[in-house]
Amino acid sequence: MVYSLKICFATTNKHKLEEARRILAGYGIDLEMVPEKKREIQSEKLEEIAEVAALEIAESLGIRVVTEDSGLFIQALNNFPGPYSAYTHDTIGCEGILDLMRNKTNRRAKFRAVVAYCESTQMPRSFIGIVQGNIAPKARGIQGFGFDPIFVPTEGDGRTFAQMTQQEKNQYSHRARAFRNFGEWFQEYQRSLK
């Protein structure tokens, strides 16, 4: 693959970087990790969280940057943990969510991801990816990270994200969809500059 452009990805999560790199390679984009500690504002909107982080990093470092924020939204829990997914995973983990879901018949959930792109001279743009699914009755699988062991995508074959290879997960995942949306837009954007 010949890359036409390098873009910085502000993340300290190597799993997210690898997932995103695989997707964007198909668009001629090489992601370089910038382990810049991004400020995460408190907001109910993933778009706002990702865009503020992208804008601050693009302005402070003078670079093209993408940030990503995602969340697990569970219907029976009033869309909890939503934008607080990372904190929730760090504090109660998959088992804590499964405890909260005990005796719940509605197990519908969705993963939502927002990729924000920003250059130091422009305002950020957001790209969204969503995957519908259900919360599994118990954790299954050892691949992936976060809530992957308890999320079963509706479009899949009954396996959790953690039971899939990265390539299989990227067929359905919210993050892959958001990065594909970004990649398609970015190719058009680059053509418009020529």
# chains A, B, ... in the order shown; residues from 1 in each chain; ligands from 1

call {"tool": "residues_around", "arguments": {"residues": "Asn134 in chain A", "least_positions_apart": "6", "cutoff": "6 Å", "atoms": "only C-alpha atoms", "output": "PDB file with N, CA and C atoms, in the first residue's frame"}}
result
ATOM      1  N   ARG A 107     -32.464  -6.553  26.024  1.00  0.00           N
ATOM      2  CA  ARG A 107     -31.011  -6.532  26.039  1.00  0.00           C
ATOM      3  C   ARG A 107     -30.448  -5.737  24.869  1.00  0.00           C
ATOM      4  N   ARG A 108     -31.320  -4.965  24.202  1.00  0.00           N
ATOM      5  CA  ARG A 108     -30.869  -4.187  23.043  1.00  0.00           C
ATOM      6  C   ARG A 108     -29.892  -3.089  23.466  1.00  0.00           C
ATOM      7  N   ALA A 109     -28.895  -2.917  22.613  1.00  0.00           N
ATOM      8  CA  ALA A 109     -27.859  -1.918  22.866  1.00  0.00           C
ATOM      9  C   ALA A 109     -27.265  -1.489  21.537  1.00  0.00           C
ATOM     10  N   PHE A 151     -20.867  -7.674  23.901  1.00  0.00           N
ATOM     11  CA  PHE A 151     -21.679  -7.069  22.844  1.00  0.00           C
ATOM     12  C   PHE A 151     -21.770  -8.005  21.641  1.00  0.00           C
ATOM     13  N   VAL A 152     -23.014  -8.335  21.264  1.00  0.00           N
ATOM     14  CA  VAL A 152     -23.280  -9.197  20.111  1.00  0.00           C
ATOM     15  C   VAL A 152     -23.930  -8.341  19.022  1.00  0.00           C
TER      16      VAL A 152
END

call {"tool": "residues_around", "arguments": {"residues": "Leu100 in chain A", "least_positions_apart": "2", "cutoff": "12 Å", "atoms": "only C-alpha atoms", "output": "list of chain:residue names"}}
result
A:Ile74, A:Ala76, A:Leu77, A:Asn78, A:Phe80, A:Pro81, A:Thr88, A:Ile92, A:Gly93, A:Cys94, A:Glu95, A:Gly96, A:Ile97, A:Leu98, A:Arg102, A:Asn103, A:Lys104, A:Thr105, A:Arg107, A:Ile135, A:Pro137

call {"tool": "residues_around", "arguments": {"residues": "Trp185 in chain A", "least_positions_apart": "2", "cutoff": "12 Å", "atoms": "only C-alpha atoms", "output": "count of residues only"}}
result
21

call {"tool": "select_by_dssp", "arguments": {"residues": "range 35-191 of chain A", "states": "alpha helix (DSSP H)", "output": "JSON, numbers by chain"}}
result
{"A": [46, 47, 48, 49, 50, 51, 52, 53, 54, 55, 56, 57, 58, 59, 60, 61, 85, 86, 87, 88, 89, 90, 91, 93, 94, 95, 96, 97, 98, 99, 100, 166, 167, 168, 169, 170, 171, 172, 174, 175, 176, 177, 178, 179, 180, 181, 182, 183, 184, 185, 186, 187, 188, 189, 190, 191]}

call {"tool": "residues_around", "arguments": {"residues": "Ala50 in chain A", "least_positions_apart": "4", "cutoff": "6 Å", "atoms": "only C-alpha atoms", "output": "list in words"}}
result
Thr67, Glu68, Asp69 and Ala116 of chain A

call {"tool": "write_last_selection", "arguments": {"atoms": "N, CA and C atoms", "output": "mmCIF file, in the first residue's frame"}}
result
data_model
loop_
_atom_site.group_PDB
_atom_site.id
_atom_site.type_symbol
_atom_site.label_atom_id
_atom_site.label_comp_id
_atom_site.auth_asym_id
_atom_site.auth_seq_id
_atom_site.Cartn_x
_atom_site.Cartn_y
_atom_site.Cartn_z
ATOM 1 N N THR A 67 -9.470 12.449 16.358
ATOM 2 C CA THR A 67 -9.734 11.892 17.679
ATOM 3 C C THR A 67 -10.953 10.998 17.528
ATOM 4 N N GLU A 68 -11.158 10.134 18.498
ATOM 5 C CA GLU A 68 -12.312 9.242 18.442
ATOM 6 C C GLU A 68 -12.864 9.091 19.839
ATOM 7 N N ASP A 69 -14.177 9.139 19.932
ATOM 8 C CA ASP A 69 -14.832 8.870 21.201
ATOM 9 C C ASP A 69 -15.995 7.942 20.910
ATOM 10 N N ALA A 116 -13.554 12.686 14.986
ATOM 11 C CA ALA A 116 -13.468 14.119 14.678
ATOM 12 C C ALA A 116 -12.129 14.391 14.002
#

call {"tool": "decode", "arguments": {"residues": "range 176-194 of chain A", "atoms": "C-alpha atoms", "output": "PDB file, in the first residue's frame"}}
result
ATOM      1  CA  ALA A 176     -14.788   1.011  11.560  1.00  0.00           C
ATOM      2  CA  ARG A 177     -17.932   2.657  10.177  1.00  0.00           C
ATOM      3  CA  ALA A 178     -16.974   6.075  11.551  1.00  0.00           C
ATOM      4  CA  PHE A 179     -13.436   5.804  10.153  1.00  0.00           C
ATOM      5  CA  ARG A 180     -14.780   4.630   6.768  1.00  0.00           C
ATOM      6  CA  ASN A 181     -17.085   7.660   6.675  1.00  0.00           C
ATOM      7  CA  PHE A 182     -14.088   9.850   7.457  1.00  0.00           C
ATOM      8  CA  GLY A 183     -11.900   8.102   4.844  1.00  0.00           C
ATOM      9  CA  GLU A 184     -14.496   8.586   2.094  1.00  0.00           C
ATOM     10  CA  TRP A 185     -14.932  12.257   2.962  1.00  0.00           C
ATOM     11  CA  PHE A 186     -11.179  12.828   3.218  1.00  0.00           C
ATOM     12  CA  GLN A 187     -10.528  11.390  -0.252  1.00  0.00           C
ATOM     13  CA  GLU A 188     -13.114  13.791  -1.714  1.00  0.00           C
ATOM     14  CA  TYR A 189     -11.682  16.656   0.319  1.00  0.00           C
ATOM     15  CA  GLN A 190      -8.160  15.970  -0.997  1.00  0.00           C
ATOM     16  CA  ARG A 191      -9.450  15.839  -4.588  1.00  0.00           C
ATOM     17  CA  SER A 192     -11.187  19.185  -4.109  1.00  0.00           C
ATOM     18  CA  LEU A 193      -7.868  20.802  -3.130  1.00  0.00           C
ATOM     19  CA  LYS A 194      -6.145  19.838  -6.397  1.00  0.00           C
TER      20      LYS A 194
END
